[in-house]
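Colleague: One structure coming up, written as structure tokens, with questions to follow.
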Amino acid sequence: MIRRMATNPISHLPAGFLWGVSTSAHQIEGAVNEREPSVWDAFTAEPGRVKDGSTAAVACDHYHRYREDVALLARLGVDAYRFSVSWPRVNSPGGLDFYDRLVDELCAAGVRPVPTLFHWDLPVALDWLERDTAERFAQYVSVVAGRLGDRVKKWITLNEPAEHTLLGHALGVHAPGRRLMFDALPVAHHQLLAHGLAVRALRAAGADDIGIANSHGPTWPASGKQEDIEAAEFYDVLLNRLFSDPLLLGHYPEGIGELMPGDVEADLEVISQPLDWYGINYYAPAEVGAPQGTETEFGGLTFPAELPFTVREIEGRPVTDFGWPVVPEGLTELLTGLRARYGDRLPPIVITENGCSYEGVDDQERIAYLDGHIRALLRAVEAGVDVRGYFVWSLLDNFEWAEGYARRFGLVHVDYDTLERTPKSSYNWLRDLLRSARG
């Protein structure tokens, strides 16, 4: 039986609120032999990098089955589909033709295309440690906008530069697999610069609905002790403010700017160009304490002993199959906290990702998760936060990066042997919720 809400919160959200689902190219497209390699292809080819030893060579084969997936979107009844454009595919002969076909199919189905221009699959020949990569990104963005801009109106420059920096370049557990620790800071700066240059390129192509998808979550000190408070403040700077302050305030948090390469002040003028909206990926808060002198594990990650903080388990909360705590009220806290910090500098917000990993097709836990987070979002709106959209992660079960195929985030189950798609209970629940709210 499909679980239903006692009341439908969607009916209380502002008119024109955008409902969507999200995916990313490397996680669903497959067809790796029909594009040039990315850093993720090189990473997954190394033994031991992916927990189940898998690759995204086929994934969901969305490249060949996109019409079937667009039909699923149309039946779901969402307004928009957030996908990502693969830079390596665009670099390959005929690669941009695929996105041309996908956008046409979406428009014909009445689903708004919302492309993300970088979702971690960097061409293997490029390197975010190099400033030139930001310039190359802007050139690629101009090509994509020139081809798709007549139909695409809403754009996302980057997805989660914080995670790409931390996991891929500081801790080495994602592609490209570097373990640079704090020497990875130039990667953050060059991604932010790439964002700013991409905004310029999109504006030059006539775009006027541009955002970024940054990951954010509240940071909770593990206790009231001064050392835990200081560790939590440092973590918050590193994972939250390092990426939001330059974009929204035009400067780095205190002590960070002097660690960045190049003419930082000039770069910040590029980075901080006005956005039309600000995208947030939310999954959970982080409870952070002082370093304990040993490695710690949280959410499938191992944090080295030399870090000036430890991420702790949040006790007394249910967890997803990934081990992530389920804290819907953290979304309300995050949104009201961002408004308090940035005031008029905070653009309208779109939740560009929110979702959970659970097994099974009758996924009542996912329904409860989405129910709770939509209600938490509504409480933030009622508190005066300007939120204009919500995208569920994800449409399909997919290749979950270093976890391989062990985690299922989809509203639609994918049999990885046959590639058969089966809508889950959560898919039907969301479809009925949207229908009910729209009368």
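Going through the structure tokens in order, the chains are called A, B, and so on, while each chain numbers its residues from 1 and the ligands are numbered from 1 in the order shown.
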So which residues of range 57-154 of chain A fall under strand (DSSP E) by DSSP, listed as a ChimeraX atom specification?
Modeller: /A:80-84,112-118
Colleague: Can you pull out every residue within 6 Å of range 114-125 of chain A, counting only C-alpha atoms, but drop anything in the same chain fewer than 5 positions away, and send it as a compact mmCIF listing (two decimals) with C-alpha atoms, in the first residue's frame?
Modeller:
# COMPACT_ATOMS: atom_id res chain seq x y z
CA PRO A 37 37.59 9.06 -21.37
CA SER A 38 36.98 10.97 -18.15
CA VAL A 39 38.88 10.94 -14.86
CA TYR A 81 14.54 17.16 -15.28
CA ARG A 82 18.01 17.99 -14.02
CA PHE A 83 20.61 16.00 -15.96
CA SER A 84 24.27 16.65 -16.59
CA VAL A 85 26.12 17.17 -19.82
CA PRO A 88 34.07 14.21 -22.49
CA LYS A 154 17.61 27.11 -16.79
CA TRP A 155 21.30 26.26 -16.33
CA ILE A 156 23.52 24.87 -13.57
CA THR A 157 27.26 25.49 -13.83
CA LEU A 158 28.83 23.04 -11.35
CA ASN A 159 27.69 20.27 -9.06
Colleague: I want to know what sits within 12 Å of Leu338 in chain A, based on only C-alpha atoms, with residues of the same chain fewer than 3 positions away left out; could you give that as a ChimeraX atom specification?
Modeller: /A:216-218,240-241,244-245,248,278,280,331-335,341-349,380,384-387
Colleague: Write the residues of the preceding selection, restricted to C-alpha atoms, as a PDB file, in the first residue's frame.
Modeller:
ATOM      1  CA  HIS A 216      25.310  22.275   2.255  1.00  0.00           C
ATOM      2  CA  GLY A 217      24.308  21.018   5.666  1.00  0.00           C
ATOM      3  CA  PRO A 218      24.233  22.363   9.220  1.00  0.00           C
ATOM      4  CA  ASN A 240      30.140  25.237   3.486  1.00  0.00           C
ATOM      5  CA  ARG A 241      31.470  28.789   3.586  1.00  0.00           C
ATOM      6  CA  SER A 244      29.199  30.071  -0.538  1.00  0.00           C
ATOM      7  CA  ASP A 245      31.082  33.130   0.749  1.00  0.00           C
ATOM      8  CA  LEU A 248      27.517  35.427  -2.419  1.00  0.00           C
ATOM      9  CA  TYR A 278      21.202  29.356  -5.664  1.00  0.00           C
ATOM     10  CA  ILE A 280      21.420  23.455  -2.639  1.00  0.00           C
ATOM     11  CA  LEU A 331      16.904  21.285   5.983  1.00  0.00           C
ATOM     12  CA  THR A 332      14.786  23.912   7.715  1.00  0.00           C
ATOM     13  CA  GLU A 333      17.757  24.885   9.887  1.00  0.00           C
ATOM     14  CA  LEU A 334      20.027  25.112   6.862  1.00  0.00           C
ATOM     15  CA  LEU A 335      17.685  27.300   4.821  1.00  0.00           C
ATOM     16  CA  ARG A 341      23.936  34.743   7.173  1.00  0.00           C
ATOM     17  CA  TYR A 342      23.582  36.212   3.688  1.00  0.00           C
ATOM     18  CA  GLY A 343      20.443  38.335   3.874  1.00  0.00           C
ATOM     19  CA  ASP A 344      19.760  40.190   0.627  1.00  0.00           C
ATOM     20  CA  ARG A 345      22.846  38.636  -0.971  1.00  0.00           C
ATOM     21  CA  LEU A 346      21.127  35.238  -1.004  1.00  0.00           C
ATOM     22  CA  PRO A 347      19.286  34.659  -4.297  1.00  0.00           C
ATOM     23  CA  PRO A 348      16.105  32.581  -4.484  1.00  0.00           C
ATOM     24  CA  ILE A 349      16.888  28.960  -3.567  1.00  0.00           C
ATOM     25  CA  ALA A 380      11.399  27.190   5.822  1.00  0.00           C
ATOM     26  CA  GLY A 384      10.169  33.584   4.926  1.00  0.00           C
ATOM     27  CA  VAL A 385      12.886  31.770   2.932  1.00  0.00           C
ATOM     28  CA  ASP A 386      12.439  32.201  -0.834  1.00  0.00           C
ATOM     29  CA  VAL A 387      12.546  28.594  -2.099  1.00  0.00           C
TER      30      VAL A 387
END
Colleague: For His164 in chain A, find every residue with an atom within 12 Å (counting only C-alpha atoms), except residues of its own chain fewer than 2 positions away, and show them as a ChimeraX atom specification.
Modeller: /A:39-40,118-122,128,158-162,166-178,184-185,187-192,214-215,239,243,401
Colleague: In Å, rounded to a single decimal, give me how far CA of Phe298 in chain A is from CA of His26 in chain A.
Modeller: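 If I compute the distance from CA of His26 in chain A to CA of Phe298 in chain A, I get 24.7 Å.
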Colleague: What's the 9 Å shell around Pro423 in chain A, counting only C-alpha atoms, without same-chain residues fewer than 6 positions away, as a PyMOL selection string?
Modeller: chain A and resi 72+361+410-414
Colleague: Pick out the residues sitting within 6 Å of range 249-252 of chain A, and hand them over as a PDB file with N, CA and C atoms, in the first residue's frame; count only C-alpha atoms, and ignore anything fewer than 5 positions along from it in its own chain.
Modeller:
ATOM      1  N   GLY A 257      41.684  33.177   1.735  1.00  0.00           N
ATOM      2  CA  GLY A 257      42.042  33.819   0.481  1.00  0.00           C
ATOM      3  C   GLY A 257      43.530  33.800   0.200  1.00  0.00           C
ATOM      4  N   LEU A 268      37.902  36.870  -7.689  1.00  0.00           N
ATOM      5  CA  LEU A 268      36.666  36.954  -6.920  1.00  0.00           C
ATOM      6  C   LEU A 268      35.620  37.827  -7.606  1.00  0.00           C
ATOM      7  N   SER A 272      32.008  36.057  -8.178  1.00  0.00           N
ATOM      8  CA  SER A 272      30.856  36.570  -7.432  1.00  0.00           C
ATOM      9  C   SER A 272      29.828  37.296  -8.289  1.00  0.00           C
TER      10      SER A 272
END
Colleague: Mind checking which residues fall within 8 Å of Asp362 in chain A, counting only C-alpha atoms, ignoring those fewer than 4 positions away in the same chain, and posting them as a list in words?
Modeller: Lys424, Ser425 and Ser426 of chain A
Colleague: Could you write those residues out with C-alpha atoms, as a short mmCIF file (atom, residue, chain, number, x, y, z; two decimals), in the first residue's frame?
Modeller:
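So out.cif came out as:
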data_model
loop_
_atom_site.label_atom_id
_atom_site.label_comp_id
_atom_site.auth_asym_id
_atom_site.auth_seq_id
_atom_site.Cartn_x
_atom_site.Cartn_y
_atom_site.Cartn_z
CA LYS A 424 8.98 1.98 -7.02
CA SER A 425 6.26 2.82 -4.51
CA SER A 426 7.97 6.20 -4.01
#
Colleague: Any chance you could list, as a PyMOL selection string, the residues in range 144-232 of chain A that come up alpha helix (DSSP H) when DSSP is run on the backbone?
Modeller: chain A and resi 144-148+161-165+185-204+226-232
Colleague: Go ahead and dump the residues you just picked, N, CA and C atoms, as a CSV table (one decimal), in the first residue's frame.
Modeller:
chain,number,residue,atom,x,y,z
A,144,VAL,N,28.1,24.4,-25.7
A,144,VAL,CA,26.9,23.7,-25.3
A,144,VAL,C,25.7,24.7,-25.3
A,145,ALA,N,26.0,25.9,-24.8
A,145,ALA,CA,24.9,26.9,-24.8
A,145,ALA,C,24.6,27.3,-26.2
A,146,GLY,N,25.5,27.4,-27.1
A,146,GLY,CA,25.3,27.7,-28.5
A,146,GLY,C,24.4,26.7,-29.2
A,147,ARG,N,24.5,25.5,-28.8
A,147,ARG,CA,23.7,24.4,-29.4
A,147,ARG,C,22.3,24.2,-28.7
A,148,LEU,N,22.3,24.3,-27.4
A,148,LEU,CA,21.0,24.0,-26.7
A,148,LEU,C,20.3,25.2,-26.2
A,161,PRO,N,31.2,21.4,-5.9
A,161,PRO,CA,32.6,21.5,-5.9
A,161,PRO,C,33.3,21.2,-4.6
A,162,ALA,N,32.5,21.3,-3.5
A,162,ALA,CA,33.1,20.9,-2.2
A,162,ALA,C,33.4,19.4,-2.2
A,163,GLU,N,32.5,18.6,-2.6
A,163,GLU,CA,32.8,17.1,-2.6
A,163,GLU,C,33.8,16.7,-3.6
A,164,HIS,N,33.8,17.4,-4.8
A,164,HIS,CA,34.8,17.1,-5.8
A,164,HIS,C,36.2,17.4,-5.3
A,165,THR,N,36.3,18.5,-4.5
A,165,THR,CA,37.6,18.9,-4.0
A,165,THR,C,38.0,17.9,-2.8
A,185,LEU,N,43.4,22.9,-2.0
A,185,LEU,CA,42.6,24.2,-2.1
A,185,LEU,C,42.6,24.8,-3.4
A,186,PRO,N,43.7,24.8,-4.2
A,186,PRO,CA,43.6,25.4,-5.6
A,186,PRO,C,42.5,24.7,-6.4
A,187,VAL,N,42.2,23.5,-6.2
A,187,VAL,CA,41.1,22.8,-6.9
A,187,VAL,C,39.8,23.5,-6.7
A,188,ALA,N,39.5,23.9,-5.4
A,188,ALA,CA,38.3,24.6,-5.0
A,188,ALA,C,38.3,26.0,-5.8
A,189,HIS,N,39.4,26.7,-5.7
A,189,HIS,CA,39.5,28.0,-6.3
A,189,HIS,C,39.2,28.0,-7.8
A,190,HIS,N,39.9,27.0,-8.5
A,190,HIS,CA,39.7,26.9,-10.0
A,190,HIS,C,38.3,26.5,-10.4
A,191,GLN,N,37.7,25.7,-9.6
A,191,GLN,CA,36.3,25.3,-9.9
A,191,GLN,C,35.4,26.6,-9.7
A,192,LEU,N,35.6,27.3,-8.7
A,192,LEU,CA,34.8,28.5,-8.5
A,192,LEU,C,35.1,29.5,-9.6
A,193,LEU,N,36.3,29.7,-10.0
A,193,LEU,CA,36.6,30.5,-11.2
A,193,LEU,C,35.9,30.0,-12.4
A,194,ALA,N,36.0,28.7,-12.6
A,194,ALA,CA,35.3,28.1,-13.8
A,194,ALA,C,33.8,28.4,-13.8
A,195,HIS,N,33.2,28.4,-12.6
A,195,HIS,CA,31.8,28.8,-12.4
A,195,HIS,C,31.6,30.2,-12.9
A,196,GLY,N,32.4,31.1,-12.4
A,196,GLY,CA,32.3,32.5,-12.8
A,196,GLY,C,32.4,32.8,-14.3
A,197,LEU,N,33.4,32.1,-14.9
A,197,LEU,CA,33.6,32.2,-16.3
A,197,LEU,C,32.5,31.6,-17.1
A,198,ALA,N,31.9,30.5,-16.6
A,198,ALA,CA,30.8,29.9,-17.2
A,198,ALA,C,29.5,30.8,-17.2
A,199,VAL,N,29.3,31.5,-16.0
A,199,VAL,CA,28.2,32.5,-16.0
A,199,VAL,C,28.4,33.5,-17.0
A,200,ARG,N,29.6,34.0,-17.2
A,200,ARG,CA,29.8,35.0,-18.3
A,200,ARG,C,29.5,34.4,-19.7
A,201,ALA,N,29.9,33.2,-19.9
A,201,ALA,CA,29.7,32.6,-21.2
A,201,ALA,C,28.2,32.4,-21.4
A,202,LEU,N,27.5,32.0,-20.4
A,202,LEU,CA,26.1,31.8,-20.5
A,202,LEU,C,25.3,33.1,-20.7
A,203,ARG,N,25.7,34.1,-20.0
A,203,ARG,CA,25.1,35.4,-20.2
A,203,ARG,C,25.3,35.9,-21.7
A,204,ALA,N,26.6,35.7,-22.2
A,204,ALA,CA,26.9,36.1,-23.5
A,204,ALA,C,26.0,35.3,-24.5
A,226,GLN,N,34.9,24.0,24.1
A,226,GLN,CA,35.5,24.9,23.2
A,226,GLN,C,36.2,24.2,22.0
A,227,GLU,N,36.9,23.1,22.3
A,227,GLU,CA,37.6,22.4,21.3
A,227,GLU,C,36.7,21.8,20.2
A,228,ASP,N,35.5,21.3,20.7
A,228,ASP,CA,34.5,20.8,19.7
A,228,ASP,C,33.9,21.9,18.9
A,229,ILE,N,33.6,23.1,19.6
A,229,ILE,CA,33.0,24.2,18.9
A,229,ILE,C,34.0,24.7,17.8
A,230,GLU,N,35.3,24.8,18.1
A,230,GLU,CA,36.3,25.3,17.2
A,230,GLU,C,36.4,24.3,16.0
A,231,ALA,N,36.4,23.1,16.3
A,231,ALA,CA,36.5,22.1,15.2
A,231,ALA,C,35.3,22.1,14.3
A,232,ALA,N,34.1,22.3,14.9
A,232,ALA,CA,32.9,22.4,14.0
A,232,ALA,C,33.0,23.7,13.2
Colleague: Given the choices A:Tyr235, A:Phe399, A:Phe391, A:Trp429, which gets closest to Ala57 in chain A if the distance is worked out from only C-alpha atoms?
Modeller: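 Looking only at the distances to Ala57 in chain A, the closest residue turns out to be A:Phe399.
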Colleague: Measuring atom to atom with only C-alpha atoms, identify which of A:Thr422, A:Thr219, A:Thr55, A:Asn398 is nearest to Gly330 in chain A.
Modeller: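 Checking each of A:Thr422, A:Thr219, A:Thr55, A:Asn398 against Gly330 in chain A, counting only C-alpha atoms, the winner is A:Thr219.
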Colleague: Between A:Ala222, A:Ile212, A:Leu301, A:Leu433, which is the closest to Val350 in chain A once you count only C-alpha atoms?
Modeller: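 Going through A:Ala222, A:Ile212, A:Leu301, A:Leu433 one by one, the smallest distance to Val350 in chain A is for A:Ile212.
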Colleague: Hey, which of A:Tyr369, A:Gln364, A:Val264, A:Phe182 ends up closest to Pro308 in chain A? Count only C-alpha atoms.
Modeller: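 Selected residue with least distance to Pro308 in chain A: A:Phe182.
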Colleague: In Å to one decimal, how far is CA of Ala74 in chain A from CA of Asp209 in chain A?
Modeller: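 One can read the CA of Asp209 in chain A to CA of Ala74 in chain A distance as 22.9 Å.
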